Amino acid sequence: MDERLDPLLLSQLRLSVIAYLMVAREAEFNELKEKTGATAGNLSAQLSKLSEAGYVEITKTFRKNYPLTICRITPTGIQAFEDFYSALSSYLDQAKTHIHKEGPH
Amino acid sequence: MAEKEKDALDPRTSLEVIREVIELAKKSTQENGFHFLLWGVVITASALTNWYLLNATDAKQPWLPWLILPLMGGITALVYEWRRERGGRSQNIIHKWYGLVWLGFLPCLAVAIFFSVREGLSPTPVVLLLAAFATFVSGILLQFAPLMWGSSFLWLGALLCLFVFPQHHGLVMAAAILLGYLAPGWMLQQRARKQHG
């Protein structure tokens with residue numbers, strides 16, 4: 001596996017959250033839960049990891065007396081995703097070239 | 001950086017996850033064109049009714065359609081947004097920015113109409129200019145080219161008003177809104193329908 005790939009984003013749920021937020025920029029917890037198909041507990045745990053790394057910012061507020069959690073991607077998160085995507089693309093390109101030269105095993 | 005996990009994704013799967021999620025997010029952040037359709041119909045109907053009352057009848061208050069129809073449109077828009085929020089549809093940042101653009105448009109519209117009427121001028125050209133700008137910015141936010149192109153019909157309509165008698169500005173406005181606002185709104189709705197199945 002390529003060492004340049006951010007291990008924090010090599011998790012399906014964390015990568016899905018960051019990729020979703022790259023387009024939406026911010027989303028409610030329930031929206032992320034619905035779109036990723038994750039359980040509340042797992043999503044909450046992965047969001048905490050992303051928040052600790054400074055990739056997302058989590059705001060807890062209220063809407064009509066109901067708790068509302070909003071997740072927002074940070075500039076660090078955007079940079080991390082862009083670096084991850086570029087490392088991923090170059091890794092796959094290299095792999096393709098290798099297969100082309102050596103032939104599939 | 002986090003330690004590598006046992007069930008870490010391989011690069012190919014990572015790319016697939018990114019593609020799938022970005023496609024999903026694009027669909028979720030799309031507008032369905034409801035407000036463009038609603039206000040397109042309201043403004044076109046108001047402009048045409050006002051033009052008819054002004055030119056073909058002796059109505060003492062030909063401006064009344066501009067009061068009644070937008071009021072009905074405003075109530076409809078509020079009910080729609082209330083039901084949308086009640087239905088649990090979450091607010092995304094694109095929707096929020098797009099709403100703020102049109103919220104900023106409202107005081108500009110009110111001041112422009114007030115000044116034009118006070119100075120005895122037709123408010124149509126300046127209203128079309130303001131609507132063109134807000135439509136253009138909406139097109140950028142929603143990444144929808146027909147809205148960006150549509151705004152040029154509104155700019156052209158404003159320019160055309162210079163060469164048309166003010167009593168016929170209603171016709172210019174109706175045509176500009178129909179082509180530059182209602183038609184792109186309908187296309188936006190068609191796109192949303194197609195993508196949401």
# chains A, B, ... in the order shown; residues from 1 in each chain; ligands from 1
$ select_by_dssp --residues "region 25-104 of chain A" --states "alpha helix (DSSP H)" --output "PyMOL selection string"
chain A and resi 29-36+40-52+75-102
$ write_last_selection --atoms "C-alpha atoms" --output "PDB file, in the first residue's frame"
ATOM      1  CA  PHE A  29     -25.527  14.299  11.476  1.00  0.00           C
ATOM      2  CA  ASN A  30     -28.755  12.582  10.382  1.00  0.00           C
ATOM      3  CA  GLU A  31     -28.123  13.415   6.753  1.00  0.00           C
ATOM      4  CA  LEU A  32     -24.651  11.841   6.962  1.00  0.00           C
ATOM      5  CA  LYS A  33     -26.116   8.836   8.744  1.00  0.00           C
ATOM      6  CA  GLU A  34     -28.728   8.394   6.023  1.00  0.00           C
ATOM      7  CA  LYS A  35     -26.321   8.900   3.115  1.00  0.00           C
ATOM      8  CA  THR A  36     -23.553   6.655   4.440  1.00  0.00           C
ATOM      9  CA  ALA A  40     -25.307   6.460  14.829  1.00  0.00           C
ATOM     10  CA  GLY A  41     -22.659   5.033  17.169  1.00  0.00           C
ATOM     11  CA  ASN A  42     -20.160   4.202  14.432  1.00  0.00           C
ATOM     12  CA  LEU A  43     -20.688   7.509  12.658  1.00  0.00           C
ATOM     13  CA  SER A  44     -20.236   9.382  15.901  1.00  0.00           C
ATOM     14  CA  ALA A  45     -16.967   7.540  16.633  1.00  0.00           C
ATOM     15  CA  GLN A  46     -15.563   8.173  13.147  1.00  0.00           C
ATOM     16  CA  LEU A  47     -16.599  11.825  13.243  1.00  0.00           C
ATOM     17  CA  SER A  48     -14.715  12.210  16.510  1.00  0.00           C
ATOM     18  CA  LYS A  49     -11.559  10.854  14.839  1.00  0.00           C
ATOM     19  CA  LEU A  50     -11.983  13.249  11.914  1.00  0.00           C
ATOM     20  CA  SER A  51     -12.617  16.102  14.309  1.00  0.00           C
ATOM     21  CA  GLU A  52      -9.509  15.256  16.392  1.00  0.00           C
ATOM     22  CA  PRO A  75      -9.625  23.788   5.160  1.00  0.00           C
ATOM     23  CA  THR A  76      -7.336  21.077   6.674  1.00  0.00           C
ATOM     24  CA  GLY A  77      -9.929  18.451   5.718  1.00  0.00           C
ATOM     25  CA  ILE A  78     -10.191  19.822   2.182  1.00  0.00           C
ATOM     26  CA  GLN A  79      -6.400  19.745   1.812  1.00  0.00           C
ATOM     27  CA  ALA A  80      -6.234  16.218   3.252  1.00  0.00           C
ATOM     28  CA  PHE A  81      -8.848  14.980   0.769  1.00  0.00           C
ATOM     29  CA  GLU A  82      -7.110  16.663  -2.168  1.00  0.00           C
ATOM     30  CA  ASP A  83      -3.740  15.167  -1.149  1.00  0.00           C
ATOM     31  CA  PHE A  84      -5.375  11.757  -0.651  1.00  0.00           C
ATOM     32  CA  TYR A  85      -7.063  11.888  -4.041  1.00  0.00           C
ATOM     33  CA  SER A  86      -3.898  12.932  -5.817  1.00  0.00           C
ATOM     34  CA  ALA A  87      -1.820  10.219  -4.060  1.00  0.00           C
ATOM     35  CA  LEU A  88      -4.524   7.691  -4.928  1.00  0.00           C
ATOM     36  CA  SER A  89      -4.554   8.680  -8.595  1.00  0.00           C
ATOM     37  CA  SER A  90      -0.773   8.494  -8.914  1.00  0.00           C
ATOM     38  CA  TYR A  91      -0.706   5.118  -7.078  1.00  0.00           C
ATOM     39  CA  LEU A  92      -3.323   3.695  -9.474  1.00  0.00           C
ATOM     40  CA  ASP A  93      -1.510   5.141 -12.503  1.00  0.00           C
ATOM     41  CA  GLN A  94       1.735   3.532 -11.353  1.00  0.00           C
ATOM     42  CA  ALA A  95      -0.054   0.238 -10.788  1.00  0.00           C
ATOM     43  CA  LYS A  96      -1.557   0.421 -14.281  1.00  0.00           C
ATOM     44  CA  THR A  97       1.853   1.114 -15.846  1.00  0.00           C
ATOM     45  CA  HIS A  98       3.350  -1.781 -13.887  1.00  0.00           C
ATOM     46  CA  ILE A  99       0.648  -4.203 -15.085  1.00  0.00           C
ATOM     47  CA  HIS A 100       1.102  -2.945 -18.641  1.00  0.00           C
ATOM     48  CA  LYS A 101       4.881  -3.562 -18.515  1.00  0.00           C
ATOM     49  CA  GLU A 102       4.914  -6.813 -16.588  1.00  0.00           C
TER      50      GLU A 102
END
$ closest_atom_pairs --of "chain A" --to "chain B" --cutoff "7 Å" --atoms "only C-alpha atoms" --output "Markdown table"
| residue | atom | partner | partner_atom | distance |
| --- | --- | --- | --- | --- |
| A:Pro7 | CA | B:Lys4 | CA | 5.2 |
| A:Leu8 | CA | B:Ala2 | CA | 5.2 |
| A:Leu10 | CA | B:Leu9 | CA | 5.1 |
| A:Ser11 | CA | B:Ala8 | CA | 5.5 |
| A:Gln12 | CA | B:Leu9 | CA | 6.5 |
| A:Ser16 | CA | B:Val21 | CA | 6.0 |
| A:Ala19 | CA | B:Ile18 | CA | 5.8 |
| A:Tyr20 | CA | B:Ala25 | CA | 5.4 |
| A:Val23 | CA | B:Ala25 | CA | 6.1 |
| A:Ala24 | CA | B:Ala25 | CA | 6.3 |
| A:Arg25 | CA | B:Ile93 | CA | 6.5 |
| A:Glu26 | CA | B:Ile93 | CA | 6.1 |
| A:Ala27 | CA | B:Asn92 | CA | 6.0 |
| A:Glu28 | CA | B:Ser90 | CA | 6.8 |
| A:Glu31 | CA | B:Ser90 | CA | 6.7 |
| A:Leu88 | CA | B:Pro11 | CA | 6.1 |
$ atom_distance --atom1 "CA of Gln167 (chain B)" --atom2 "CA of Asn50 (chain B)"
9.5 Å
$ residues_around --residues "region 118-130 of chain B" --least-positions-apart "4" --cutoff "10 Å" --atoms "only C-alpha atoms" --output "mmCIF file with C-alpha atoms, in the first residue's frame"
data_model
loop_
_atom_site.group_PDB
_atom_site.id
_atom_site.type_symbol
_atom_site.label_atom_id
_atom_site.label_comp_id
_atom_site.auth_asym_id
_atom_site.auth_seq_id
_atom_site.Cartn_x
_atom_site.Cartn_y
_atom_site.Cartn_z
ATOM 1 C CA ALA B 47 -46.611 41.679 -15.504
ATOM 2 C CA PHE B 105 -32.261 40.631 -3.437
ATOM 3 C CA LEU B 106 -35.472 41.562 -1.579
ATOM 4 C CA CYS B 108 -32.596 45.857 -3.141
ATOM 5 C CA LEU B 109 -35.875 45.252 -4.964
ATOM 6 C CA ALA B 110 -37.913 47.210 -2.397
ATOM 7 C CA ALA B 112 -35.276 50.176 -6.273
ATOM 8 C CA ILE B 113 -39.077 50.135 -6.666
ATOM 9 C CA PHE B 114 -39.491 52.881 -4.051
ATOM 10 C CA ALA B 134 -29.369 37.105 -8.490
ATOM 11 C CA THR B 135 -30.228 34.544 -11.204
ATOM 12 C CA PHE B 136 -26.632 34.549 -12.453
ATOM 13 C CA SER B 151 -29.777 35.860 -16.774
ATOM 14 C CA SER B 152 -28.641 37.374 -20.093
ATOM 15 C CA PHE B 153 -32.305 37.506 -21.214
ATOM 16 C CA LEU B 154 -33.014 39.571 -18.099
ATOM 17 C CA TRP B 155 -30.095 41.920 -18.857
ATOM 18 C CA LEU B 156 -31.291 42.225 -22.468
ATOM 19 C CA GLY B 157 -34.832 42.913 -21.240
ATOM 20 C CA ALA B 158 -33.535 45.758 -19.048
ATOM 21 C CA LEU B 159 -31.709 47.210 -22.058
ATOM 22 C CA LEU B 160 -34.759 46.820 -24.294
ATOM 23 C CA CYS B 161 -36.818 48.906 -21.838
ATOM 24 C CA LEU B 162 -34.801 51.948 -22.979
ATOM 25 C CA PHE B 165 -42.639 52.979 -24.027
ATOM 26 C CA PRO B 166 -43.007 52.492 -20.254
ATOM 27 C CA GLN B 167 -46.643 51.338 -20.581
ATOM 28 C CA HIS B 169 -42.575 47.426 -20.024
ATOM 29 C CA GLY B 170 -44.872 44.734 -18.576
ATOM 30 C CA VAL B 172 -40.833 43.097 -21.867
ATOM 31 C CA MET B 173 -40.695 41.888 -18.281
ATOM 32 C CA ALA B 176 -37.596 38.267 -20.130
ATOM 33 C CA ILE B 177 -38.812 36.362 -17.058
#
$ atom_distance --atom1 "CA of Thr76 (chain B)" --atom2 "CA of Thr44 (chain B)"
16.3 Å
$ decode --residues "region 71-102 of chain B" --atoms "N, CA and C atoms" --output "PDB file, in the first residue's frame"
ATOM      1  N   LEU B  71     -48.034  38.442  -3.225  1.00  0.00           N
ATOM      2  CA  LEU B  71     -48.411  38.100  -1.851  1.00  0.00           C
ATOM      3  C   LEU B  71     -48.801  36.617  -1.777  1.00  0.00           C
ATOM      4  N   MET B  72     -49.583  36.177  -2.775  1.00  0.00           N
ATOM      5  CA  MET B  72     -49.967  34.763  -2.831  1.00  0.00           C
ATOM      6  C   MET B  72     -48.743  33.876  -3.045  1.00  0.00           C
ATOM      7  N   GLY B  73     -47.820  34.368  -3.891  1.00  0.00           N
ATOM      8  CA  GLY B  73     -46.580  33.623  -4.148  1.00  0.00           C
ATOM      9  C   GLY B  73     -45.752  33.496  -2.880  1.00  0.00           C
ATOM     10  N   GLY B  74     -45.681  34.599  -2.115  1.00  0.00           N
ATOM     11  CA  GLY B  74     -44.911  34.605  -0.863  1.00  0.00           C
ATOM     12  C   GLY B  74     -45.456  33.598   0.125  1.00  0.00           C
ATOM     13  N   ILE B  75     -46.808  33.554   0.234  1.00  0.00           N
ATOM     14  CA  ILE B  75     -47.436  32.602   1.167  1.00  0.00           C
ATOM     15  C   ILE B  75     -47.138  31.168   0.715  1.00  0.00           C
ATOM     16  N   THR B  76     -47.270  30.921  -0.591  1.00  0.00           N
ATOM     17  CA  THR B  76     -47.000  29.574  -1.127  1.00  0.00           C
ATOM     18  C   THR B  76     -45.559  29.157  -0.843  1.00  0.00           C
ATOM     19  N   ALA B  77     -44.610  30.105  -1.066  1.00  0.00           N
ATOM     20  CA  ALA B  77     -43.189  29.790  -0.850  1.00  0.00           C
ATOM     21  C   ALA B  77     -42.932  29.469   0.624  1.00  0.00           C
ATOM     22  N   LEU B  78     -43.570  30.245   1.517  1.00  0.00           N
ATOM     23  CA  LEU B  78     -43.362  30.014   2.959  1.00  0.00           C
ATOM     24  C   LEU B  78     -43.909  28.647   3.373  1.00  0.00           C
ATOM     25  N   VAL B  79     -45.125  28.320   2.874  1.00  0.00           N
ATOM     26  CA  VAL B  79     -45.729  27.022   3.197  1.00  0.00           C
ATOM     27  C   VAL B  79     -44.846  25.892   2.672  1.00  0.00           C
ATOM     28  N   TYR B  80     -44.326  26.063   1.450  1.00  0.00           N
ATOM     29  CA  TYR B  80     -43.465  25.036   0.844  1.00  0.00           C
ATOM     30  C   TYR B  80     -42.223  24.805   1.698  1.00  0.00           C
ATOM     31  N   GLU B  81     -41.577  25.903   2.093  1.00  0.00           N
ATOM     32  CA  GLU B  81     -40.351  25.775   2.894  1.00  0.00           C
ATOM     33  C   GLU B  81     -40.642  25.176   4.274  1.00  0.00           C
ATOM     34  N   TRP B  82     -41.773  25.559   4.839  1.00  0.00           N
ATOM     35  CA  TRP B  82     -42.175  25.028   6.152  1.00  0.00           C
ATOM     36  C   TRP B  82     -42.382  23.528   6.068  1.00  0.00           C
ATOM     37  N   ARG B  83     -43.090  23.093   4.994  1.00  0.00           N
ATOM     38  CA  ARG B  83     -43.346  21.660   4.820  1.00  0.00           C
ATOM     39  C   ARG B  83     -42.061  20.897   4.524  1.00  0.00           C
ATOM     40  N   ARG B  84     -41.174  21.514   3.792  1.00  0.00           N
ATOM     41  CA  ARG B  84     -39.891  20.898   3.440  1.00  0.00           C
ATOM     42  C   ARG B  84     -39.057  20.673   4.701  1.00  0.00           C
ATOM     43  N   GLU B  85     -39.066  21.669   5.566  1.00  0.00           N
ATOM     44  CA  GLU B  85     -38.304  21.555   6.811  1.00  0.00           C
ATOM     45  C   GLU B  85     -38.945  20.527   7.731  1.00  0.00           C
ATOM     46  N   ARG B  86     -40.285  20.548   7.749  1.00  0.00           N
ATOM     47  CA  ARG B  86     -41.036  19.616   8.589  1.00  0.00           C
ATOM     48  C   ARG B  86     -40.846  18.181   8.103  1.00  0.00           C
ATOM     49  N   GLY B  87     -40.670  18.037   6.814  1.00  0.00           N
ATOM     50  CA  GLY B  87     -40.473  16.703   6.212  1.00  0.00           C
ATOM     51  C   GLY B  87     -39.093  16.147   6.493  1.00  0.00           C
ATOM     52  N   GLY B  88     -38.295  16.895   7.246  1.00  0.00           N
ATOM     53  CA  GLY B  88     -36.984  16.404   7.660  1.00  0.00           C
ATOM     54  C   GLY B  88     -35.891  16.603   6.636  1.00  0.00           C
ATOM     55  N   ARG B  89     -36.191  17.327   5.560  1.00  0.00           N
ATOM     56  CA  ARG B  89     -35.159  17.566   4.544  1.00  0.00           C
ATOM     57  C   ARG B  89     -34.132  18.531   5.130  1.00  0.00           C
ATOM     58  N   SER B  90     -32.919  18.061   5.208  1.00  0.00           N
ATOM     59  CA  SER B  90     -31.916  18.909   5.854  1.00  0.00           C
ATOM     60  C   SER B  90     -31.432  20.003   4.919  1.00  0.00           C
ATOM     61  N   GLN B  91     -30.984  21.055   5.557  1.00  0.00           N
ATOM     62  CA  GLN B  91     -30.536  22.238   4.854  1.00  0.00           C
ATOM     63  C   GLN B  91     -29.054  22.057   4.508  1.00  0.00           C
ATOM     64  N   ASN B  92     -28.717  22.111   3.240  1.00  0.00           N
ATOM     65  CA  ASN B  92     -27.285  22.064   2.946  1.00  0.00           C
ATOM     66  C   ASN B  92     -26.795  23.467   2.634  1.00  0.00           C
ATOM     67  N   ILE B  93     -25.459  23.603   2.593  1.00  0.00           N
ATOM     68  CA  ILE B  93     -24.883  24.953   2.492  1.00  0.00           C
ATOM     69  C   ILE B  93     -25.208  25.625   1.151  1.00  0.00           C
ATOM     70  N   ILE B  94     -25.354  24.845   0.097  1.00  0.00           N
ATOM     71  CA  ILE B  94     -25.685  25.416  -1.218  1.00  0.00           C
ATOM     72  C   ILE B  94     -27.075  26.043  -1.140  1.00  0.00           C
ATOM     73  N   HIS B  95     -28.010  25.291  -0.526  1.00  0.00           N
ATOM     74  CA  HIS B  95     -29.380  25.773  -0.379  1.00  0.00           C
ATOM     75  C   HIS B  95     -29.388  27.047   0.471  1.00  0.00           C
ATOM     76  N   LYS B  96     -28.528  27.035   1.511  1.00  0.00           N
ATOM     77  CA  LYS B  96     -28.467  28.184   2.412  1.00  0.00           C
ATOM     78  C   LYS B  96     -27.943  29.426   1.671  1.00  0.00           C
ATOM     79  N   TRP B  97     -26.856  29.279   0.920  1.00  0.00           N
ATOM     80  CA  TRP B  97     -26.284  30.406   0.180  1.00  0.00           C
ATOM     81  C   TRP B  97     -27.259  30.916  -0.870  1.00  0.00           C
ATOM     82  N   TYR B  98     -27.888  29.961  -1.540  1.00  0.00           N
ATOM     83  CA  TYR B  98     -28.836  30.312  -2.604  1.00  0.00           C
ATOM     84  C   TYR B  98     -30.019  31.099  -2.006  1.00  0.00           C
ATOM     85  N   GLY B  99     -30.475  30.667  -0.825  1.00  0.00           N
ATOM     86  CA  GLY B  99     -31.544  31.391  -0.122  1.00  0.00           C
ATOM     87  C   GLY B  99     -31.083  32.780   0.281  1.00  0.00           C
ATOM     88  N   LEU B 100     -29.829  32.898   0.724  1.00  0.00           N
ATOM     89  CA  LEU B 100     -29.311  34.199   1.161  1.00  0.00           C
ATOM     90  C   LEU B 100     -29.185  35.180  -0.001  1.00  0.00           C
ATOM     91  N   VAL B 101     -28.842  34.670  -1.182  1.00  0.00           N
ATOM     92  CA  VAL B 101     -28.741  35.545  -2.363  1.00  0.00           C
ATOM     93  C   VAL B 101     -30.094  36.213  -2.620  1.00  0.00           C
ATOM     94  N   TRP B 102     -31.163  35.391  -2.564  1.00  0.00           N
ATOM     95  CA  TRP B 102     -32.496  35.935  -2.849  1.00  0.00           C
ATOM     96  C   TRP B 102     -33.024  36.757  -1.685  1.00  0.00           C
TER      97      TRP B 102
END
